[in-house]
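Text of the file upload.cif, holding mmCIF, C-alpha atoms:
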data_start
loop_
_atom_site.label_atom_id
_atom_site.label_comp_id
_atom_site.auth_asym_id
_atom_site.auth_seq_id
_atom_site.Cartn_x
_atom_site.Cartn_y
_atom_site.Cartn_z
CA MET A 21 115.06 122.77 89.75
CA ALA A 22 117.62 120.71 87.83
CA ALA A 23 120.38 119.47 90.11
CA HIS A 24 122.46 117.84 87.39
CA TRP A 25 122.32 117.10 83.69
CA ALA A 26 124.48 115.81 80.86
CA VAL A 27 124.07 114.95 77.16
CA ILE A 28 126.28 112.13 75.89
CA ARG A 29 126.62 110.03 72.76
CA ASN A 30 126.82 106.24 73.03
CA ASN A 31 129.28 104.02 71.11
CA ALA A 32 127.16 104.24 67.99
CA GLY A 33 126.83 108.02 68.04
CA CYS A 34 123.26 108.11 69.36
CA LEU A 35 122.34 110.91 71.75
CA ASN A 36 121.16 110.27 75.25
CA MET A 37 120.63 112.46 78.26
CA PHE A 38 120.10 112.09 81.97
CA GLU A 39 118.84 114.81 84.31
CA ILE A 40 118.08 114.92 88.03
CA PHE A 41 115.43 117.31 89.32
CA ALA A 42 114.86 118.36 92.93
CA ILE A 43 111.36 119.22 94.11
CA GLN A 44 109.94 120.47 97.42
CA THR A 45 106.53 118.87 97.86
CA GLU A 46 103.42 119.68 99.86
CA THR A 47 101.40 117.16 101.92
CA GLU A 48 99.81 114.72 99.45
CA TRP A 49 99.65 116.52 96.17
CA LEU A 50 100.23 115.99 92.45
CA HIS A 51 102.83 118.37 91.04
CA ASP A 52 102.72 119.03 87.30
CA ILE A 53 106.29 118.47 86.02
CA THR A 54 105.45 118.38 82.30
CA ALA A 55 107.34 121.58 81.41
CA THR A 56 110.60 120.30 82.94
CA ILE A 57 110.36 117.09 80.91
CA GLN A 58 109.67 118.97 77.69
CA GLU A 59 112.70 121.18 78.39
CA THR A 60 114.95 118.15 79.06
CA VAL A 61 113.91 116.59 75.75
CA ARG A 62 114.57 119.89 73.96
CA LYS A 63 118.05 120.22 75.52
CA SER A 64 118.92 116.63 74.56
CA GLY A 65 118.57 117.33 70.85
CA VAL A 66 116.82 113.97 70.39
CA THR A 67 114.12 114.10 67.70
CA ASP A 68 112.91 110.47 67.82
CA GLY A 69 113.24 108.30 70.89
CA ILE A 70 112.01 107.42 74.34
CA CYS A 71 111.83 109.46 77.55
CA LEU A 72 111.68 107.77 80.96
CA VAL A 73 110.59 109.77 84.04
CA PHE A 74 111.52 107.91 87.24
CA CYS A 75 110.78 108.51 90.94
CA PRO A 76 113.45 107.15 93.34
CA HIS A 77 111.14 107.19 96.40
CA THR A 78 108.78 104.54 97.80
CA THR A 79 105.96 106.81 99.03
CA ALA A 80 105.73 108.89 95.86
CA GLY A 81 105.18 108.08 92.18
CA ILE A 82 104.76 109.39 88.65
CA THR A 83 101.50 109.41 86.69
CA ILE A 84 99.88 110.97 83.65
CA ASN A 85 96.50 112.62 84.02
CA GLU A 86 94.44 115.69 83.11
CA ASN A 87 96.19 119.05 83.08
CA ALA A 88 93.12 121.30 82.71
CA ASP A 89 90.72 121.18 85.68
CA PRO A 90 92.54 121.25 89.08
CA ASP A 91 89.57 119.37 90.57
CA VAL A 92 90.78 116.23 88.78
CA VAL A 93 93.93 116.18 90.93
CA ARG A 94 91.86 116.76 94.05
CA ASP A 95 89.44 113.95 93.11
CA LEU A 96 92.31 111.58 92.28
CA LEU A 97 93.80 112.04 95.75
CA LEU A 98 90.40 111.61 97.38
CA GLY A 99 89.63 108.46 95.39
CA LEU A 100 93.06 106.95 96.16
CA ASP A 101 92.55 107.71 99.88
CA ARG A 102 89.28 105.81 99.85
CA ALA A 103 90.69 102.84 97.92
CA PHE A 104 93.87 102.70 100.03
CA PRO A 105 93.04 104.17 103.46
CA ASP A 106 95.25 103.93 106.52
CA ARG A 107 94.25 100.76 108.41
CA PRO A 108 94.62 99.79 112.08
CA GLU A 109 95.98 96.37 110.96
CA PHE A 110 99.00 97.94 109.27
CA ARG A 111 102.25 97.17 111.12
CA HIS A 112 104.88 99.31 109.37
CA MET A 113 106.28 101.48 112.16
CA GLU A 114 106.52 104.67 110.13
CA GLY A 115 102.72 104.67 109.81
CA ASN A 116 102.74 105.49 106.10
CA SER A 117 101.75 102.13 104.58
CA ALA A 118 98.88 103.78 102.70
CA ALA A 119 101.44 106.00 100.94
CA HIS A 120 103.48 102.89 100.00
CA LEU A 121 100.31 101.31 98.58
CA LYS A 122 99.45 104.36 96.49
CA ALA A 123 103.03 104.46 95.19
CA SER A 124 102.81 100.88 93.89
CA ALA A 125 99.31 101.35 92.47
CA ILE A 126 100.30 104.52 90.60
CA GLY A 127 103.78 103.30 89.65
CA SER A 128 107.26 104.74 89.94
CA SER A 129 107.73 105.83 86.34
CA VAL A 130 106.12 106.81 83.05
CA THR A 131 107.60 106.28 79.60
CA LEU A 132 106.93 108.74 76.79
CA ILE A 133 107.46 108.61 73.03
CA ILE A 134 109.62 111.41 71.59
CA LYS A 135 108.54 112.59 68.13
CA GLY A 136 109.63 115.74 66.32
CA GLY A 137 111.89 116.71 69.22
CA ALA A 138 109.16 116.71 71.88
CA PRO A 139 107.44 114.17 74.15
CA LEU A 140 104.20 113.05 72.56
CA LEU A 141 101.36 113.79 74.98
CA GLY A 142 97.62 113.95 74.38
CA THR A 143 95.90 117.36 74.47
CA TRP A 144 94.77 116.97 78.08
CA GLN A 145 97.73 114.98 79.39
CA GLY A 146 100.20 116.29 81.95
CA VAL A 147 102.93 114.36 83.80
CA TYR A 148 102.64 114.52 87.58
CA PHE A 149 105.03 113.86 90.45
CA CYS A 150 102.70 112.30 93.05
CA GLU A 151 103.54 113.03 96.68
CA PHE A 152 101.71 110.65 99.03
CA ASP A 153 103.71 111.37 102.21
CA GLY A 154 105.02 114.95 102.21
CA PRO A 155 105.95 117.60 102.66
CA ARG A 156 109.43 116.41 101.70
CA ARG A 157 112.47 117.25 99.65
CA ARG A 158 112.22 114.86 96.67
CA GLN A 159 113.94 114.06 93.39
CA TYR A 160 112.93 112.70 90.03
CA TYR A 161 115.07 111.53 87.11
CA VAL A 162 114.53 112.11 83.40
CA LYS A 163 116.32 109.87 80.88
CA VAL A 164 116.18 110.55 77.14
CA THR A 165 117.32 107.96 74.60
CA GLU A 166 117.52 108.36 70.83
CA GLY A 167 116.10 105.50 68.80
CA MET B 142 117.85 81.10 88.96
CA ALA B 143 118.71 82.24 85.44
CA ALA B 144 117.30 79.89 82.83
CA HIS B 145 118.86 81.62 79.83
CA TRP B 146 120.90 84.69 79.00
CA ALA B 147 122.79 86.28 76.12
CA VAL B 148 124.64 89.54 75.42
CA ILE B 149 124.49 90.76 71.82
CA ARG B 150 125.42 93.89 69.85
CA ASN B 151 122.92 95.47 67.49
CA ASN B 152 123.68 96.72 63.94
CA ALA B 153 125.20 99.89 65.31
CA GLY B 154 127.46 98.12 67.82
CA CYS B 155 125.35 98.90 70.91
CA LEU B 156 125.18 96.28 73.62
CA ASN B 157 121.95 94.67 74.70
CA MET B 158 121.10 91.71 76.84
CA PHE B 159 118.14 89.48 77.56
CA GLU B 160 117.81 87.11 80.50
CA ILE B 161 115.05 84.76 81.69
CA PHE B 162 114.76 83.96 85.39
CA ALA B 163 112.75 81.17 86.98
CA ILE B 164 111.26 81.63 90.45
CA GLN B 165 109.29 79.34 92.78
CA THR B 166 106.76 81.53 94.59
CA GLU B 167 104.82 81.24 97.81
CA THR B 168 101.11 82.00 98.22
CA GLU B 169 100.68 85.77 97.69
CA TRP B 170 104.02 87.30 98.42
CA LEU B 171 106.43 89.94 97.13
CA HIS B 172 109.83 88.46 96.28
CA ASP B 173 112.80 90.86 96.23
CA ILE B 174 114.56 90.28 92.88
CA THR B 175 116.77 93.41 92.96
CA ALA B 176 120.07 91.52 93.22
CA THR B 177 119.36 89.44 90.10
CA ILE B 178 118.62 92.59 88.09
CA GLN B 179 121.80 94.30 89.30
CA GLU B 180 123.76 91.21 88.29
CA THR B 181 122.17 91.12 84.81
CA VAL B 182 123.08 94.77 84.24
CA ARG B 183 126.65 94.09 85.42
CA LYS B 184 127.00 91.10 83.07
CA SER B 185 125.68 93.13 80.11
CA GLY B 186 128.56 95.60 80.27
CA VAL B 187 126.12 98.46 79.61
CA THR B 188 127.08 101.66 81.45
CA ASP B 189 124.26 103.97 80.28
CA GLY B 190 120.89 102.67 79.19
CA ILE B 191 117.53 101.25 80.12
CA CYS B 192 116.57 98.05 81.95
CA LEU B 193 113.11 96.51 81.55
CA VAL B 194 111.89 93.88 84.03
CA PHE B 195 108.84 92.03 82.66
CA CYS B 196 106.43 89.47 84.12
CA PRO B 197 104.85 87.10 81.54
CA HIS B 198 101.97 86.05 83.84
CA THR B 199 98.49 87.53 84.35
CA THR B 200 98.10 86.91 88.09
CA ALA B 201 101.51 88.28 89.06
CA GLY B 202 103.32 91.58 88.48
CA ILE B 203 106.44 93.65 89.09
CA THR B 204 106.65 96.65 91.41
CA ILE B 205 109.16 98.86 93.19
CA ASN B 206 108.76 99.48 96.91
CA GLU B 207 110.61 99.63 100.21
CA ASN B 208 113.40 97.10 100.82
CA ALA B 209 114.00 97.79 104.53
CA ASP B 210 111.04 96.91 106.79
CA PRO B 211 109.39 93.54 105.86
CA ASP B 212 106.14 94.88 107.30
CA VAL B 213 105.79 97.11 104.25
CA VAL B 214 105.40 94.03 102.01
CA ARG B 215 102.90 92.55 104.45
CA ASP B 216 100.90 95.81 104.57
CA LEU B 217 100.98 96.15 100.78
CA LEU B 218 99.41 92.71 100.35
CA LEU B 219 96.81 93.43 103.03
CA GLY B 220 95.90 96.80 101.49
CA LEU B 221 95.62 95.30 98.01
CA ASP B 222 93.39 92.53 99.38
CA ARG B 223 91.04 95.09 100.83
CA ALA B 224 90.95 97.25 97.69
CA PHE B 225 90.54 94.25 95.38
CA PRO B 226 88.82 91.47 97.39
CA ASP B 227 87.36 88.32 95.95
CA ARG B 228 83.69 89.04 95.12
CA PRO B 229 80.68 86.70 94.78
CA GLU B 230 79.76 88.53 91.54
CA PHE B 231 82.98 87.47 89.81
CA ARG B 232 82.35 84.93 87.04
CA HIS B 233 85.84 83.81 85.98
CA MET B 234 85.79 80.05 86.56
CA GLU B 235 89.30 79.79 87.97
CA GLY B 236 88.20 81.90 90.94
CA ASN B 237 91.27 84.13 90.87
CA SER B 238 89.83 87.36 89.45
CA ALA B 239 91.16 89.32 92.44
CA ALA B 240 94.68 88.21 91.47
CA HIS B 241 94.06 89.40 87.88
CA LEU B 242 92.92 92.78 89.25
CA LYS B 243 95.99 93.19 91.44
CA ALA B 244 98.22 92.29 88.48
CA SER B 245 96.75 95.08 86.35
CA ALA B 246 96.78 97.61 89.20
CA ILE B 247 100.44 96.89 90.03
CA GLY B 248 101.54 96.45 86.42
CA SER B 249 103.46 93.80 84.53
CA SER B 250 106.81 95.59 84.30
CA VAL B 251 109.11 98.25 85.69
CA THR B 252 111.65 100.25 83.70
CA LEU B 253 114.91 101.37 85.29
CA ILE B 254 117.59 103.86 84.26
CA ILE B 255 121.13 102.43 84.00
CA LYS B 256 123.87 104.85 85.04
CA GLY B 257 127.50 104.05 85.78
CA GLY B 258 126.94 100.37 84.99
CA ALA B 259 124.14 99.83 87.52
CA PRO B 260 120.36 100.30 87.73
CA LEU B 261 119.61 103.61 89.41
CA LEU B 262 117.42 102.92 92.45
CA GLY B 263 116.59 105.13 95.42
CA THR B 264 118.11 104.24 98.81
CA TRP B 265 115.00 102.40 100.00
CA GLN B 266 113.87 100.99 96.64
CA GLY B 267 113.81 97.29 95.84
CA VAL B 268 112.29 95.57 92.79
CA TYR B 269 109.69 92.93 93.66
CA PHE B 270 108.15 90.02 91.79
CA CYS B 271 104.55 90.09 93.09
CA GLU B 272 102.82 86.73 93.35
CA PHE B 273 99.05 87.12 93.73
CA ASP B 274 98.03 83.52 93.02
CA GLY B 275 100.77 81.12 94.10
CA PRO B 276 102.47 78.99 94.98
CA ARG B 277 103.61 78.56 91.38
CA ARG B 278 106.62 78.11 89.18
CA ARG B 279 107.03 81.54 87.54
CA GLN B 280 109.39 83.42 85.24
CA TYR B 281 110.48 87.01 84.76
CA TYR B 282 112.48 88.59 81.96
CA VAL B 283 115.21 91.24 82.18
CA LYS B 284 116.13 93.23 79.08
CA VAL B 285 119.08 95.66 79.07
CA THR B 286 119.58 98.18 76.26
CA GLU B 287 122.49 100.57 75.79
CA GLY B 288 121.55 104.16 74.97
CA MET C 165 92.84 100.89 62.02
CA ALA C 166 96.28 102.39 61.50
CA ALA C 167 96.07 106.14 60.85
CA HIS C 168 99.77 106.66 60.21
CA TRP C 169 103.03 104.73 60.29
CA ALA C 170 106.67 105.09 59.31
CA VAL C 171 109.88 103.07 59.68
CA ILE C 172 113.06 105.12 59.99
CA ARG C 173 116.72 104.52 60.82
CA ASN C 174 118.45 106.68 63.41
CA ASN C 175 121.93 108.23 63.05
CA ALA C 176 123.56 104.93 63.90
CA GLY C 177 121.53 102.88 61.44
CA CYS C 178 119.18 101.32 63.98
CA LEU C 179 115.59 100.75 62.97
CA ASN C 180 112.69 102.38 64.74
CA MET C 181 109.03 102.73 63.96
CA PHE C 182 106.08 104.78 65.10
CA GLU C 183 102.44 104.02 64.38
CA ILE C 184 99.15 105.70 65.34
CA PHE C 185 96.01 103.58 65.65
CA ALA C 186 92.43 104.83 65.79
CA ILE C 187 89.83 102.86 67.73
CA GLN C 188 86.08 103.30 68.29
CA THR C 189 85.33 102.19 71.84
CA GLU C 190 82.24 100.98 73.65
CA THR C 191 81.14 102.16 77.11
CA GLU C 192 83.75 100.89 79.62
CA TRP C 193 85.41 97.97 77.98
CA LEU C 194 88.83 96.41 77.45
CA HIS C 195 89.68 96.04 73.76
CA ASP C 196 92.28 93.42 72.82
CA ILE C 197 94.85 95.21 70.61
CA THR C 198 97.54 92.52 70.71
CA ALA C 199 97.32 91.63 67.01
CA THR C 200 97.90 95.24 65.91
CA ILE C 201 101.02 95.47 68.08
CA GLN C 202 102.40 92.20 66.74
CA GLU C 203 101.80 93.46 63.19
CA THR C 204 103.58 96.78 63.92
CA VAL C 205 106.61 94.95 65.27
CA ARG C 206 106.62 92.67 62.21
CA LYS C 207 106.45 95.66 59.82
CA SER C 208 109.31 97.41 61.65
CA GLY C 209 111.77 94.63 60.84
CA VAL C 210 113.19 94.91 64.38
CA THR C 211 114.31 91.54 65.76
CA ASP C 212 115.59 92.64 69.20
CA GLY C 213 114.35 95.72 70.96
CA ILE C 214 111.60 97.43 72.92
CA CYS C 215 107.98 98.19 72.05
CA LEU C 216 106.05 100.95 73.83
CA VAL C 217 102.24 101.09 73.59
CA PHE C 218 100.95 104.49 74.73
CA CYS C 219 97.46 105.91 75.34
CA PRO C 220 97.17 109.71 74.82
CA HIS C 221 93.90 110.01 76.80
CA THR C 222 93.26 110.64 80.52
CA THR C 223 90.17 108.46 80.99
CA ALA C 224 91.59 105.41 79.22
CA GLY C 225 94.71 103.29 79.65
CA ILE C 226 96.72 100.28 78.51
CA THR C 227 97.11 97.04 80.45
CA ILE C 228 98.19 93.43 80.02
CA ASN C 229 95.88 90.68 81.23
CA GLU C 230 94.35 87.33 80.32
CA ASN C 231 93.32 86.76 76.70
CA ALA C 232 91.42 83.48 77.14
CA ASP C 233 88.27 83.77 79.28
CA PRO C 234 86.17 86.91 78.46
CA ASP C 235 84.89 86.83 82.05
CA VAL C 236 88.30 88.09 83.21
CA VAL C 237 87.73 91.39 81.39
CA ARG C 238 84.23 91.63 82.85
CA ASP C 239 85.51 90.92 86.38
CA LEU C 240 88.37 93.42 85.98
CA LEU C 241 85.92 96.21 85.13
CA LEU C 242 83.63 95.21 88.00
CA GLY C 243 86.50 95.11 90.50
CA LEU C 244 87.85 98.49 89.34
CA ASP C 245 84.35 99.98 89.66
CA ARG C 246 84.16 98.82 93.28
CA ALA C 247 87.66 100.05 94.16
CA PHE C 248 87.18 103.38 92.37
CA PRO C 249 83.43 104.16 92.37
CA ASP C 250 81.90 107.49 91.47
CA ARG C 251 81.63 109.55 94.68
CA PRO C 252 79.31 112.41 95.65
CA GLU C 253 82.35 114.31 96.99
CA PHE C 254 83.99 114.46 93.56
CA ARG C 255 84.05 118.02 92.16
CA HIS C 256 85.30 117.59 88.57
CA MET C 257 82.50 119.06 86.47
CA GLU C 258 82.61 116.45 83.74
CA GLY C 259 81.51 113.83 86.27
CA ASN C 260 84.07 111.25 85.16
CA SER C 261 86.59 111.38 88.01
CA ALA C 262 86.26 107.62 88.55
CA ALA C 263 87.46 107.12 84.96
CA HIS C 264 90.47 109.39 85.64
CA LEU C 265 91.27 107.31 88.74
CA LYS C 266 91.11 104.03 86.86
CA ALA C 267 93.36 105.48 84.14
CA SER C 268 96.09 106.35 86.66
CA ALA C 269 95.75 103.04 88.55
CA ILE C 270 96.02 101.01 85.33
CA GLY C 271 98.60 103.27 83.68
CA SER C 272 98.87 104.94 80.30
CA SER C 273 101.36 102.57 78.68
CA VAL C 274 102.92 99.12 78.63
CA THR C 275 106.45 98.29 77.52
CA LEU C 276 107.24 94.98 75.81
CA ILE C 277 110.46 93.17 75.00
CA ILE C 278 110.97 92.29 71.32
CA LYS C 279 112.75 89.00 70.71
CA GLY C 280 113.03 87.06 67.46
CA GLY C 281 111.02 89.72 65.63
CA ALA C 282 107.95 89.57 67.89
CA PRO C 283 106.79 91.06 71.20
CA LEU C 284 107.49 88.60 74.00
CA LEU C 285 104.18 87.86 75.77
CA GLY C 286 103.25 85.06 78.14
CA THR C 287 100.90 82.31 76.89
CA TRP C 288 97.82 83.93 78.46
CA GLN C 289 98.81 87.58 78.03
CA GLY C 290 97.00 90.02 75.75
CA VAL C 291 97.46 93.79 75.52
CA TYR C 292 94.27 95.76 76.16
CA PHE C 293 93.16 99.31 75.39
CA CYS C 294 91.05 100.13 78.47
CA GLU C 295 88.11 102.46 77.90
CA PHE C 296 86.77 103.85 81.16
CA ASP C 297 84.60 106.65 79.73
CA GLY C 298 83.30 105.74 76.29
CA PRO C 299 81.94 105.30 73.80
CA ARG C 300 84.54 107.51 72.13
CA ARG C 301 86.81 107.81 69.15
CA ARG C 302 90.27 107.09 70.64
CA GLN C 303 93.88 106.65 69.57
CA TYR C 304 96.87 104.68 70.75
CA TYR C 305 100.51 104.88 69.70
CA VAL C 306 102.98 102.07 69.14
CA LYS C 307 106.72 102.83 69.14
CA VAL C 308 109.31 100.19 68.23
CA THR C 309 113.02 100.69 68.92
CA GLU C 310 115.88 98.39 67.95
CA GLY C 311 118.40 97.71 70.70
#
For the structure just supplied, provide its representation as structure tokens.
Amino acid sequence: MAAHWAVIRNNAGCLNMFEIFAIQTETEWLHDITATIQETVRKSGVTDGICLVFCPHTTAGITINENADPDVVRDLLLGLDRAFPDRPEFRHMEGNSAAHLKASAIGSSVTLIIKGGAPLLGTWQGVYFCEFDGPRRRQYYVKVTEG
Amino acid sequence: MAAHWAVIRNNAGCLNMFEIFAIQTETEWLHDITATIQETVRKSGVTDGICLVFCPHTTAGITINENADPDVVRDLLLGLDRAFPDRPEFRHMEGNSAAHLKASAIGSSVTLIIKGGAPLLGTWQGVYFCEFDGPRRRQYYVKVTEG
Amino acid sequence: MAAHWAVIRNNAGCLNMFEIFAIQTETEWLHDITATIQETVRKSGVTDGICLVFCPHTTAGITINENADPDVVRDLLLGLDRAFPDRPEFRHMEGNSAAHLKASAIGSSVTLIIKGGAPLLGTWQGVYFCEFDGPRRRQYYVKVTEG
């Protein structure tokens, strides 16, 4: 769901766009948000440029991975859990340090190339909002810049 | 400490700015550099655009994570140490292969959206220079582009 | 090998460039692609701007790490294998879930600052195409934007 969006032109007449999306997540899951990004780029009217997808939370992130077999998402979460398990030595009171670790390992944004009016993704690539500490009400931002 | 900075306009009249910061690090620590980035964006005069924070070292990185409880930083370093420990099989003569691993897992840059003249960060998000092999004299670069 | 490239100017007269590279990979290796990126930036004629290097595959990625001692690359692959090993619980039929995990941990792109007509890299930094599931015929994209 898009909470807000606007297309503007900068001083030089180049298009850019910023959109905020709201998302209700499940407990630890990767949500495919590719279609919303493609639609933002389409609405912007930008044919060549850059698209930045940004997560404003510290126990969630954005990644690109396979969009075909749902078992990939399941295996990704399992593998991250094993690499970054909850540990008795952790001191953060909220008890979600493992989610903070996964967020920094995965990263808080992805940057895409826009070509021919669409984000350039490989055949099997989808963009995922990664929830490591849900269920929660979350947001992500999409910024499109001509150039 | 800013070692160098300059605001320029490109051919089309759009603002952009580049700044180099120097930082003296401690042994394995995450240094909150958010305020310096906010100040660079303010100085640039850019209201809408992109801000890239880049680390030119291979045993350090840049990440976004929680800015409230200092135990999160402590737990992040502990969790990274466990996921990427020093190993007897490592051959790199300098003996800091674990630091190289953490640098690639965390990443060498973060990209931020600029909106209303400031980098758009979530309530609990801070930008951190991650030292995995200090103490050292380090640098990081901040690039601001209108668009 | 460059499969395709083009330099264009946007509405405002700013230069930008897009290039597709093809690469034949070995089984799990990091390929140094720094020289091709430097050459793309040179061809673009952009003196100040941003360069995005993007991998359109889900079992490969792009990272920045040391370009001097080849043992660093070897140790990186070993350390990633230990952090993200193949696991009997994985369900993805292709059997390469560990490669998908490494791809998301490393990331699918790096963003560089262009200054003085060249990408700004630290003394010991090289840009690597990371193959986690080869040998394969792969591609990577380089996008240069003035600003």
Practice task
Report as a PyMOL selection string the residues that result from applying the PyMOL selection byres ((chain C and resi 241-252) around 9) to the structure here.
Solution key: (chain A and resi 99-100+102-104) or (chain B and resi 223-228+230-231+238-239+242+246) or (chain C and resi 192-194+236-240+253-255+259-263+265-266+296)
Practice task
With a distance threshold of 8 Å and counting only C-alpha atoms, extract the residues of chain B near chain C and express them as a PyMOL selection string.
Solution key: chain B and resi 151-153+155-157+193+195+197-199+224-225+231-233+238-239+241-242+244-250+284+286-287
Fill in the blank from the handout: What separates atom CA of A:Pro139 and atom CA of A:Ser64 is a distance of 11.7 Å
Practice task
Would you be able to write out as a list in words which residues have an atom within 8 Å of (104.5, 80.1, 88.3) in the file's coordinates, counting only C-alpha atoms?
Solution key: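 I get Ile164, Gln165, Thr166, His198, Gly275, Pro276, Arg277, Arg278, Arg279 and Gln280 of chain B for the residues within 8 Å of that point.
Here atom CA of A:Thr54 is placed at a distance of 7.1 Å from atom CA of A:Tyr148.
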Practice task
Rounded to one decimal place, report the atom CA of C:Thr200-atom CA of C:Ala186 distance in Å.
Solution key: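 These two atoms are separated by 11.0 Å.
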Problem - Ground truth for the PyMOL selection byres ((chain C and resi 205) around 8), written as a list in words - result: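 Going through the file, the PyMOL selection byres ((chain C and resi 205) around 8) ends up selecting Ile201, Gln202, Glu203, Thr204, Arg206, Lys207, Ser208, Gly209, Val210, Cys215, Ile278, Gly281, Ala282, Pro283 and Val308 of chain C.
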Give the padded box for stretch 297-301 of chain C as lines of an AutoDock Vina configuration file: axis-aligned, covering all atoms listed in the file, 5 Å on each side, centre and edge lengths in Å to one decimal.
center_x = 84.4
center_y = 106.6
center_z = 74.4
size_x = 14.9
size_y = 12.5
size_z = 20.6
Generate the coordinates of all heavy atoms for stretch 103-109 of chain A; report them as a PDB file, in the frame of the given file.
ATOM      1  N   ALA A 103      90.331 104.197  98.362  1.00  0.00           N
ATOM      2  CA  ALA A 103      90.690 102.840  97.920  1.00  0.00           C
ATOM      3  C   ALA A 103      91.805 102.261  98.799  1.00  0.00           C
ATOM      4  O   ALA A 103      91.839 101.058  99.062  1.00  0.00           O
ATOM      5  CB  ALA A 103      91.127 102.844  96.458  1.00  0.00           C
ATOM      6  N   PHE A 104      92.711 103.132  99.233  1.00  0.00           N
ATOM      7  CA  PHE A 104      93.870 102.700 100.030  1.00  0.00           C
ATOM      8  C   PHE A 104      93.981 103.522 101.309  1.00  0.00           C
ATOM      9  O   PHE A 104      94.940 104.281 101.488  1.00  0.00           O
ATOM     10  CB  PHE A 104      95.149 102.824  99.188  1.00  0.00           C
ATOM     11  CG  PHE A 104      95.105 102.103  97.874  1.00  0.00           C
ATOM     12  CD1 PHE A 104      95.024 102.800  96.671  1.00  0.00           C
ATOM     13  CD2 PHE A 104      95.137 100.708  97.825  1.00  0.00           C
ATOM     14  CE1 PHE A 104      94.982 102.141  95.447  1.00  0.00           C
ATOM     15  CE2 PHE A 104      95.098 100.037  96.603  1.00  0.00           C
ATOM     16  CZ  PHE A 104      95.015 100.756  95.416  1.00  0.00           C
ATOM     17  N   PRO A 105      93.010 103.379 102.215  1.00  0.00           N
ATOM     18  CA  PRO A 105      93.040 104.170 103.460  1.00  0.00           C
ATOM     19  C   PRO A 105      94.091 103.628 104.432  1.00  0.00           C
ATOM     20  O   PRO A 105      94.555 102.492 104.278  1.00  0.00           O
ATOM     21  CB  PRO A 105      91.635 103.964 104.025  1.00  0.00           C
ATOM     22  CG  PRO A 105      91.244 102.603 103.552  1.00  0.00           C
ATOM     23  CD  PRO A 105      91.867 102.449 102.172  1.00  0.00           C
ATOM     24  N   ASP A 106      94.450 104.428 105.411  1.00  0.00           N
ATOM     25  CA  ASP A 106      95.250 103.930 106.520  1.00  0.00           C
ATOM     26  C   ASP A 106      94.394 102.894 107.271  1.00  0.00           C
ATOM     27  O   ASP A 106      93.183 103.060 107.364  1.00  0.00           O
ATOM     28  CB  ASP A 106      95.623 105.095 107.448  1.00  0.00           C
ATOM     29  CG  ASP A 106      96.728 104.688 108.410  1.00  0.00           C
ATOM     30  OD1 ASP A 106      97.414 103.682 108.150  1.00  0.00           O
ATOM     31  OD2 ASP A 106      96.900 105.377 109.431  1.00  0.00           O
ATOM     32  N   ARG A 107      95.014 101.825 107.756  1.00  0.00           N
ATOM     33  CA  ARG A 107      94.250 100.760 108.410  1.00  0.00           C
ATOM     34  C   ARG A 107      94.900 100.414 109.752  1.00  0.00           C
ATOM     35  O   ARG A 107      96.129 100.353 109.848  1.00  0.00           O
ATOM     36  CB  ARG A 107      94.236  99.493 107.540  1.00  0.00           C
ATOM     37  CG  ARG A 107      93.532  99.681 106.222  1.00  0.00           C
ATOM     38  CD  ARG A 107      93.353  98.385 105.471  1.00  0.00           C
ATOM     39  NE  ARG A 107      92.739  98.628 104.172  1.00  0.00           N
ATOM     40  CZ  ARG A 107      91.428  98.766 103.966  1.00  0.00           C
ATOM     41  NH1 ARG A 107      90.593  98.670 104.975  1.00  0.00           N
ATOM     42  NH2 ARG A 107      90.962  98.990 102.752  1.00  0.00           N
ATOM     43  N   PRO A 108      94.063 100.136 110.755  1.00  0.00           N
ATOM     44  CA  PRO A 108      94.620  99.790 112.080  1.00  0.00           C
ATOM     45  C   PRO A 108      95.460  98.516 112.039  1.00  0.00           C
ATOM     46  O   PRO A 108      96.355  98.338 112.871  1.00  0.00           O
ATOM     47  CB  PRO A 108      93.372  99.606 112.951  1.00  0.00           C
ATOM     48  CG  PRO A 108      92.201  99.554 112.034  1.00  0.00           C
ATOM     49  CD  PRO A 108      92.597 100.221 110.767  1.00  0.00           C
ATOM     50  N   GLU A 109      95.214  97.634 111.035  1.00  0.00           N
ATOM     51  CA  GLU A 109      95.980  96.370 110.960  1.00  0.00           C
ATOM     52  C   GLU A 109      97.378  96.572 110.408  1.00  0.00           C
ATOM     53  O   GLU A 109      98.186  95.647 110.437  1.00  0.00           O
ATOM     54  CB  GLU A 109      95.258  95.343 110.076  1.00  0.00           C
ATOM     55  CG  GLU A 109      93.802  95.091 110.420  1.00  0.00           C
ATOM     56  CD  GLU A 109      92.878  95.952 109.569  1.00  0.00           C
ATOM     57  OE1 GLU A 109      93.068  97.190 109.566  1.00  0.00           O
ATOM     58  OE2 GLU A 109      91.987  95.389 108.924  1.00  0.00           O
TER      59      GLU A 109
END
